[in-house]
$ cat input_13.cif   # mmCIF, C-alpha atoms, pLDDT in the B column; chains and numbers go by the auth columns
data_upload
loop_
_atom_site.group_PDB
_atom_site.id
_atom_site.type_symbol
_atom_site.label_atom_id
_atom_site.label_comp_id
_atom_site.label_asym_id
_atom_site.label_seq_id
_atom_site.Cartn_x
_atom_site.Cartn_y
_atom_site.Cartn_z
_atom_site.B_iso_or_equiv
_atom_site.auth_seq_id
_atom_site.auth_asym_id
ATOM 1 C CA MET A 1 -33.884 -38.634 -20.383 52.00 1 A
ATOM 2 C CA THR A 2 -35.523 -36.468 -17.716 56.00 2 A
ATOM 3 C CA ASN A 3 -39.000 -37.175 -16.406 75.00 3 A
ATOM 4 C CA HIS A 4 -40.389 -33.709 -17.014 83.00 4 A
ATOM 5 C CA GLU A 5 -44.023 -34.265 -15.986 84.00 5 A
ATOM 6 C CA ASP A 6 -43.299 -33.377 -12.347 91.00 6 A
ATOM 7 C CA LEU A 7 -41.121 -30.350 -13.059 95.00 7 A
ATOM 8 C CA PRO A 8 -42.377 -26.805 -12.539 94.00 8 A
ATOM 9 C CA PRO A 9 -43.011 -24.847 -15.743 95.00 9 A
ATOM 10 C CA PHE A 10 -40.522 -22.350 -17.121 96.00 10 A
ATOM 11 C CA LEU A 11 -42.731 -19.731 -18.757 95.00 11 A
ATOM 12 C CA LEU A 12 -41.305 -16.887 -20.783 96.00 12 A
ATOM 13 C CA ALA A 13 -43.551 -13.878 -21.397 94.00 13 A
ATOM 14 C CA PHE A 14 -47.144 -14.715 -22.349 93.00 14 A
ATOM 15 C CA PRO A 15 -48.217 -17.176 -25.070 96.00 15 A
ATOM 16 C CA GLY A 16 -47.737 -15.655 -28.509 96.00 16 A
ATOM 17 C CA PRO A 17 -44.973 -14.281 -30.742 96.00 17 A
ATOM 18 C CA LEU A 18 -42.749 -13.041 -27.901 95.00 18 A
ATOM 19 C CA ARG A 19 -42.816 -16.389 -26.091 96.00 19 A
ATOM 20 C CA ASP A 20 -42.141 -18.169 -29.378 95.00 20 A
ATOM 21 C CA GLN A 21 -39.102 -15.934 -29.979 96.00 21 A
ATOM 22 C CA LEU A 22 -37.786 -16.457 -26.439 96.00 22 A
ATOM 23 C CA VAL A 23 -38.274 -20.233 -26.519 97.00 23 A
ATOM 24 C CA ALA A 24 -36.444 -20.383 -29.862 97.00 24 A
ATOM 25 C CA ALA A 25 -33.557 -18.439 -28.266 97.00 25 A
ATOM 26 C CA VAL A 26 -33.447 -20.931 -25.370 98.00 26 A
ATOM 27 C CA LEU A 27 -33.430 -23.887 -27.768 97.00 27 A
ATOM 28 C CA SER A 28 -30.670 -22.343 -29.906 97.00 28 A
ATOM 29 C CA GLY A 29 -28.507 -21.710 -26.833 96.00 29 A
ATOM 30 C CA ALA A 30 -28.548 -17.931 -27.349 97.00 30 A
ATOM 31 C CA LYS A 31 -30.673 -17.307 -24.248 98.00 31 A
ATOM 32 C CA THR A 32 -29.039 -18.344 -20.979 98.00 32 A
ATOM 33 C CA SER A 33 -30.536 -15.734 -18.666 97.00 33 A
ATOM 34 C CA THR A 34 -33.899 -14.172 -17.973 97.00 34 A
ATOM 35 C CA THR A 35 -35.265 -11.507 -15.680 97.00 35 A
ATOM 36 C CA GLY A 36 -38.518 -11.382 -13.763 96.00 36 A
ATOM 37 C CA LEU A 37 -40.103 -9.003 -11.311 98.00 37 A
ATOM 38 C CA VAL A 38 -40.096 -9.889 -7.622 98.00 38 A
ATOM 39 C CA ALA A 39 -43.560 -8.269 -7.551 97.00 39 A
ATOM 40 C CA GLU A 40 -44.791 -10.797 -10.112 95.00 40 A
ATOM 41 C CA TYR A 41 -43.536 -13.754 -8.080 96.00 41 A
ATOM 42 C CA GLU A 42 -45.217 -12.312 -4.998 96.00 42 A
ATOM 43 C CA ALA A 43 -48.497 -11.590 -6.803 95.00 43 A
ATOM 44 C CA VAL A 44 -48.897 -15.148 -8.067 93.00 44 A
ATOM 45 C CA GLY A 45 -47.559 -16.739 -4.865 94.00 45 A
ATOM 46 C CA GLU A 46 -44.653 -18.405 -6.637 93.00 46 A
ATOM 47 C CA ALA A 47 -41.357 -19.141 -4.909 94.00 47 A
ATOM 48 C CA LEU A 48 -38.194 -17.810 -6.482 96.00 48 A
ATOM 49 C CA PRO A 49 -36.250 -20.384 -8.496 95.00 49 A
ATOM 50 C CA LEU A 50 -33.460 -22.233 -6.720 96.00 50 A
ATOM 51 C CA VAL A 51 -30.005 -23.040 -8.053 98.00 51 A
ATOM 52 C CA GLY A 52 -30.013 -26.657 -9.223 98.00 52 A
ATOM 53 C CA GLU A 53 -33.770 -26.713 -9.770 97.00 53 A
ATOM 54 C CA ARG A 54 -34.951 -28.135 -13.064 97.00 54 A
ATOM 55 C CA GLN A 55 -37.910 -26.684 -14.927 97.00 55 A
ATOM 56 C CA VAL A 56 -39.705 -27.594 -18.125 97.00 56 A
ATOM 57 C CA VAL A 57 -39.823 -24.932 -20.854 98.00 57 A
ATOM 58 C CA LEU A 58 -43.319 -24.569 -22.296 97.00 58 A
ATOM 59 C CA ASP A 59 -44.060 -23.097 -25.706 97.00 59 A
ATOM 60 C CA SER A 60 -47.061 -20.935 -26.639 97.00 60 A
ATOM 61 C CA ASP A 61 -49.239 -24.045 -26.901 96.00 61 A
ATOM 62 C CA GLU A 62 -48.170 -24.998 -23.344 94.00 62 A
ATOM 63 C CA LEU A 63 -46.278 -27.986 -24.775 95.00 63 A
ATOM 64 C CA PRO A 64 -42.963 -29.035 -23.175 96.00 64 A
ATOM 65 C CA VAL A 65 -39.976 -28.335 -25.418 97.00 65 A
ATOM 66 C CA ALA A 66 -36.936 -28.518 -23.131 97.00 66 A
ATOM 67 C CA VAL A 67 -35.706 -29.010 -19.592 97.00 67 A
ATOM 68 C CA ILE A 68 -33.493 -26.337 -18.068 98.00 68 A
ATOM 69 C CA GLU A 69 -31.445 -26.284 -14.876 98.00 69 A
ATOM 70 C CA VAL A 70 -31.135 -23.061 -12.904 98.00 70 A
ATOM 71 C CA THR A 71 -27.458 -22.177 -12.449 98.00 71 A
ATOM 72 C CA ASP A 72 -27.709 -18.796 -10.689 98.00 72 A
ATOM 73 C CA VAL A 73 -30.397 -16.633 -9.085 98.00 73 A
ATOM 74 C CA ARG A 74 -29.868 -13.078 -7.891 97.00 74 A
ATOM 75 C CA VAL A 75 -32.367 -10.588 -6.538 98.00 75 A
ATOM 76 C CA LEU A 76 -31.181 -7.107 -7.358 98.00 76 A
ATOM 77 C CA ARG A 77 -32.361 -3.628 -8.210 98.00 77 A
ATOM 78 C CA ALA A 78 -33.307 -3.067 -11.856 97.00 78 A
ATOM 79 C CA GLY A 79 -30.690 -0.323 -11.849 97.00 79 A
ATOM 80 C CA ASP A 80 -27.998 -2.899 -11.001 98.00 80 A
ATOM 81 C CA VAL A 81 -28.561 -5.260 -13.948 97.00 81 A
ATOM 82 C CA ASP A 82 -25.341 -5.349 -15.977 95.00 82 A
ATOM 83 C CA ASP A 83 -24.518 -5.571 -19.677 93.00 83 A
ATOM 84 C CA ALA A 84 -23.452 -9.229 -19.412 94.00 84 A
ATOM 85 C CA HIS A 85 -26.829 -10.286 -18.039 95.00 85 A
ATOM 86 C CA ALA A 86 -28.612 -8.234 -20.705 95.00 86 A
ATOM 87 C CA ARG A 87 -26.539 -9.816 -23.504 95.00 87 A
ATOM 88 C CA ASP A 88 -27.085 -13.326 -22.129 96.00 88 A
ATOM 89 C CA GLU A 89 -30.847 -12.875 -22.449 95.00 89 A
ATOM 90 C CA GLY A 90 -30.218 -13.779 -26.107 94.00 90 A
ATOM 91 C CA GLU A 91 -32.483 -11.111 -27.538 92.00 91 A
ATOM 92 C CA GLY A 92 -29.789 -9.071 -29.232 93.00 92 A
ATOM 93 C CA TYR A 93 -29.191 -6.462 -26.540 92.00 93 A
ATOM 94 C CA THR A 94 -25.730 -4.941 -26.634 90.00 94 A
ATOM 95 C CA THR A 95 -26.267 -2.648 -23.640 91.00 95 A
ATOM 96 C CA VAL A 96 -28.257 -2.709 -20.458 94.00 96 A
ATOM 97 C CA ALA A 97 -30.014 0.482 -21.653 94.00 97 A
ATOM 98 C CA GLU A 98 -31.539 -1.449 -24.589 94.00 98 A
ATOM 99 C CA TRP A 99 -32.477 -4.293 -22.260 95.00 99 A
ATOM 100 C CA ARG A 100 -34.108 -1.858 -19.836 96.00 100 A
ATOM 101 C CA ARG A 101 -36.159 -0.077 -22.509 95.00 101 A
ATOM 102 C CA VAL A 102 -37.618 -3.318 -23.868 95.00 102 A
ATOM 103 C CA HIS A 103 -38.223 -4.863 -20.440 96.00 103 A
ATOM 104 C CA GLU A 104 -39.925 -1.747 -19.121 96.00 104 A
ATOM 105 C CA GLY A 105 -42.239 -1.828 -22.147 95.00 105 A
ATOM 106 C CA PHE A 106 -43.156 -5.424 -21.277 96.00 106 A
ATOM 107 C CA TRP A 107 -43.409 -4.847 -17.519 97.00 107 A
ATOM 108 C CA HIS A 108 -45.617 -1.801 -18.044 97.00 108 A
ATOM 109 C CA SER A 109 -47.984 -3.776 -20.293 96.00 109 A
ATOM 110 C CA PRO A 110 -51.622 -4.213 -19.255 96.00 110 A
ATOM 111 C CA GLU A 111 -51.034 -7.991 -18.926 95.00 111 A
ATOM 112 C CA VAL A 112 -48.179 -7.672 -16.434 96.00 112 A
ATOM 113 C CA ARG A 113 -49.891 -4.886 -14.519 97.00 113 A
ATOM 114 C CA ALA A 114 -53.016 -7.070 -14.278 96.00 114 A
ATOM 115 C CA GLU A 115 -50.978 -10.047 -13.076 95.00 115 A
ATOM 116 C CA ILE A 116 -49.363 -7.878 -10.395 96.00 116 A
ATOM 117 C CA GLY A 117 -52.713 -6.324 -9.533 96.00 117 A
ATOM 118 C CA ASP A 118 -51.517 -2.734 -9.932 96.00 118 A
ATOM 119 C CA PRO A 119 -52.704 -0.840 -13.043 96.00 119 A
ATOM 120 C CA ASP A 120 -50.150 1.900 -12.369 96.00 120 A
ATOM 121 C CA PHE A 121 -47.125 -0.347 -11.694 97.00 121 A
ATOM 122 C CA THR A 122 -43.951 1.362 -12.891 97.00 122 A
ATOM 123 C CA VAL A 123 -40.374 0.102 -12.890 97.00 123 A
ATOM 124 C CA ASP A 124 -37.619 2.358 -11.598 97.00 124 A
ATOM 125 C CA ASP A 125 -33.984 1.791 -10.593 97.00 125 A
ATOM 126 C CA ASP A 126 -35.045 0.448 -7.178 98.00 126 A
ATOM 127 C CA THR A 127 -37.560 -2.109 -8.482 98.00 127 A
ATOM 128 C CA LEU A 128 -36.439 -5.570 -7.384 98.00 128 A
ATOM 129 C CA VAL A 129 -35.890 -8.099 -10.155 98.00 129 A
ATOM 130 C CA VAL A 130 -34.893 -11.745 -10.260 98.00 130 A
ATOM 131 C CA ALA A 131 -31.910 -12.291 -12.540 97.00 131 A
ATOM 132 C CA GLU A 132 -31.834 -15.982 -13.373 97.00 132 A
ATOM 133 C CA ARG A 133 -29.248 -17.972 -15.305 98.00 133 A
ATOM 134 C CA PHE A 134 -29.889 -21.432 -16.655 98.00 134 A
ATOM 135 C CA ARG A 135 -28.641 -24.100 -19.005 98.00 135 A
ATOM 136 C CA VAL A 136 -30.566 -26.461 -21.230 98.00 136 A
ATOM 137 C CA VAL A 137 -30.111 -30.033 -20.050 97.00 137 A
ATOM 138 C CA GLU A 138 -32.458 -31.667 -22.549 96.00 138 A
ATOM 139 C CA VAL A 139 -34.365 -30.706 -25.673 96.00 139 A
ATOM 140 C CA LEU A 140 -37.607 -32.680 -25.745 95.00 140 A
ATOM 141 C CA PRO A 141 -39.011 -34.341 -28.873 91.00 141 A
ATOM 142 C CA ARG A 142 -41.865 -32.437 -30.461 80.00 142 A
#
$ encode --input "input_13.cif" --output "structure tokens"
Amino acid sequence: MTNHEDLPPFLLAFPGPLRDQLVAAVLSGAKTSTTGLVAEYEAVGEALPLVGERQVVLDSDELPVAVIEVTDVRVLRAGDVDDAHARDEGEGYTTVAEWRRVHEGFWHSPEVRAEIGDPDFTVDDDTLVVAERFRVVEVLPR
């Protein structure tokens, strides 16, 4: 059993239905990758995840539900994300075009733009993203 109290949080989206859906996909094993904006990491002063790092998955109530281990981290252009990464996000994408449409909708949301500090932030092919792969090492009791 992992001591998860000292682990950094693994937060997916914002608290609410989308986070609940994403956490459920992590717990089911369907979601083994995620993508964030480099601009978001920079805006909140957070270091990029490191391979081998363990993080605690938090649900919408900020309760710990699992421990994951980062298995791969790549910084790449949004235009270079591939179908395999999109599929491994576990949200039902069959193509990177579907993945891109949904992610742009999220990244262009008022919440993300506020977090970045740019009300006009827009993703294009050259926007840098963090493509992260992970595995669940422990599901925590609820």
$ resolve_selection --input "input_13.cif" --expression "the PyMOL selection byres ((chain A and resi 9) around 10)" --output "ChimeraX atom specification"
/A:4-8,10-12,54-58,62,64,67-68
$ resolve_selection --input "input_13.cif" --expression "the PyMOL selection byres ((chain A and resi 60) around 7)" --output "list of chain:residue names"
A:Pro15, A:Gly16, A:Arg19, A:Asp20, A:Leu58, A:Asp59, A:Asp61, A:Glu62
$ atom_distance --input "input_13.cif" --atom1 "CA of His85 in chain A" --atom2 "CA of Pro49 in chain A"
16.8 Å
$ closest_residue --input "input_13.cif" --among "A:Glu40, A:Glu53, A:Glu98, A:Glu91" --to "Val136 in chain A" --atoms "all atoms listed in the file"
A:Glu53
$ closest_residue --input "input_13.cif" --among "A:Ala39, A:Ile116, A:Ala47, A:Ser33" --to "Asp83 in chain A" --atoms "all atoms listed in the file"
A:Ser33
$ resolve_selection --input "input_13.cif" --expression "the PyMOL selection byres ((chain A and resi 126) around 12)" --output "list in words"
Leu37, Val38, Val75, Leu76, Arg77, Ala78, Gly79, Asp80, Val81, Thr122, Val123, Asp124, Asp125, Thr127, Leu128 and Val129 of chain A
$ residues_around --input "input_13.cif" --residues "Trp99 in chain A" --least-positions-apart "2" --cutoff "10 Å" --atoms "only C-alpha atoms" --output "list in words"
Val81, Asp82, Asp83, His85, Ala86, Arg87, Glu89, Glu91, Gly92, Tyr93, Thr94, Thr95, Val96, Ala97, Arg101, Val102, His103 and Glu104 of chain A
$ atom_distance --input "input_13.cif" --atom1 "CA of Pro119 in chain A" --atom2 "CA of Gly105 in chain A"
13.9 Å
$ closest_residue --input "input_13.cif" --among "A:Phe106, A:Gly90, A:Ala131, A:Phe121" --to "Ser28 in chain A" --atoms "all atoms listed in the file"
A:Gly90
$ residues_near_point --input "input_13.cif" --point "(-29.2, -17.1, -14.7)" --cutoff "10 Å" --atoms "only C-alpha atoms" --output "ChimeraX atom specification"
/A:31-35,49,51,69-74,85,88-89,130-135
$ atom_distance --input "input_13.cif" --atom1 "CA of Val139 in chain A" --atom2 "CA of Val65 in chain A"
6.1 Å
